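**Student:** Please find one structure pasted underneath; my questions will follow.
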Amino acid sequence: MITGVYWFRNDLRLTDNLSLLNACAEVDRLALVHVRDDDRRITRWGFPRLGSLRQTFRDMAVDGLALALDERGAKLVRPAGAPVAALTDLARQIGATRIYCEDIPAPEERSEIAALVTAGLDVRATWQSSLLDPEDLPFEICALPEVFTRFREAVERAAIRPRPPLLAPSVFPHSPPMDGAIYPMGAPATPAGPATNASFPFDHPVFQGTEAAAIAHVARYFQSKDPVTYKTTRNGLTGTAYSTKLSPWLATGALSPRTVFAALQAHEERFGASEGSYWIWFELLWRDFFRFWSEKHGAKLFRPEGLSRLGPPSHDQEAFDAWRRGSTGHPFVDAGLRELAATGYLSNRLRQVTASYLVHDLACDWRAGAAWFESRLIDFDVCSNQGNWLYISGRGADPRQGRRFNPDKQAADHDADGSYRALWTSSAVASS
């Protein structure tokens, strides 16, 4: 009899989860586990690595997963602590020899897999977070183009299309007996919530972190004509309607990109292909590019120089602290940082502007900005975050060696009436 553990990582869903399907098919008994890693470490830049809003949104996703499993007669085990220690302890208690999970192409996530293998466990990690399967690409990952445009053109010339999303498991293996006192099922008692003006108000049922809310949002969005105008509205700054608002669910894995693409195809069949619908595909490809790029380059993307030959970045801690508090003195930049601190979300346009300002105007270390976004964004994704900060700083996938956004011009172009700045001028400044 084979006893296994399914470890939910950034795949907090039942649909389109190949690794979970494999586990259900290959073992006799299966423990379904999510480890709540309360990472309270303080970064080298002086703030907690995991912010409360990001944790709350993730907890919502886990709660939704637990409920969905319960409805199917299965139980989610939810230990807290460091994942490797929690999983090895559980495996020892229940006699599990295998651990199934998704594969995440980033150094820390890969090191967790290596540690579990060192502990004597058979870890079966499955790549399943990208829209396109690596096996379907017109090149090996080692030959991935270094520039996004060439990657996109190669994919489109080869007419590569995503595989269809998979159904949720119909039957789960029996759970092995375990000590419920050691592995409680409880959720945190005092969750934080976003500010009233949030563009992703995840305290509202429509935007909660669950897979059910994600799938309902996908259906609602793609059954409307909103995708037709996506390209013209995506640089908006305020409200729930200016962009697809899919990224938080994609980041936790409560939503699969292939589920999104299937809905996009259905939208185009109903309303016709448009520049807006194409641009959603375009942005999903960017997300994929950063995943494949992370697989290709690994830990090199976390070096001070990234992939460049530039020297170590300069850093001014006082300027950085003012930046993250939203008190640099530039109203547009400060408004963006205050929205981020208060809501855990920020428009793509403001992410670019605030990142550029930190690196190019304040001459601070890009890694500090990347760490702040990791702490605060509810849609933090290690591959996209690292890739975008390297791109802005000129140390990654950018032939122009860095992108400076003129904050005055950006404010004039995207907040001409000053309404966005006014909205966040009086907002409380983050203290941590």
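Letters A, B, ... mark the chains of the structure tokens in the order given; residue numbers begin at 1 per chain; ligand numbers begin at 1, in order shown.
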Could you name the residues that touch Asn17 (chain A) at 9 Å or less, counting only C-alpha atoms, but leaving out those on the same chain fewer than 6 positions away, as a ChimeraX atom specification?

**Tutor:** /A:11,102,128,165-169,256

**Student:** Name all residues at most 10 Å from Pro177 (chain A) (count only C-alpha atoms; drop same-chain ones fewer than 2 positions away) and give them as a ChimeraX atom specification.

**Tutor:** /A:29,31,93-94,174-175,179-180

**Student:** Residues at most 7 Å from region 142-156 of chain A, counting only C-alpha atoms, excluding those fewer than 4 positions away in the same chain, as a VMD selection string?

**Tutor:** chain A and resid 137 to 138 160 285 289 296 397 to 398

**Student:** May I have the residues within 9 Å of Ala74 (chain A) as a list of chain:residue names, using only C-alpha atoms and disregarding those fewer than 4 positions away in the same chain?

**Tutor:**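 Non-adjacent residues within range: A:Leu32, A:Ala66, A:Ala68, A:Leu69, A:Asp70, A:Phe172, A:Pro173, A:His174, A:Ser175.
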
**Student:** Between A:Phe292, A:Phe47, A:Trp424, A:Trp366, which has the minimum distance to Val333 (chain A) (counting only C-alpha atoms)?

**Tutor:**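 Smallest distance to Val333 (chain A) is found for A:Trp424.
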
**Student:** Counting only C-alpha atoms, what is within 9 Å of Pro312 (chain A), bar same-chain residues fewer than 4 positions away, as a list in words?

**Tutor:**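 Final neighbour list, sorted by chain and number: Pro304, Glu305 and Asp365 of chain A.
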
**Student:** Do you have the CA of Gln386 (chain A)-CA of Gln352 (chain A) distance handy?

**Tutor:** 13.0 Å

**Student:** What's the 8 Å shell around Ile215 (chain A), counting only C-alpha atoms, without same-chain residues fewer than 4 positions away, as a VMD selection string?

**Tutor:** chain A and resid 211 219 255

**Student:** Counting only C-alpha atoms, figure out which residue out of A:Asp203, A:Glu374, A:Asp417, A:Asp103 gets nearest to Ser130 (chain A).

**Tutor:**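 Distance minimum relative to Ser130 (chain A) lands on A:Asp103.
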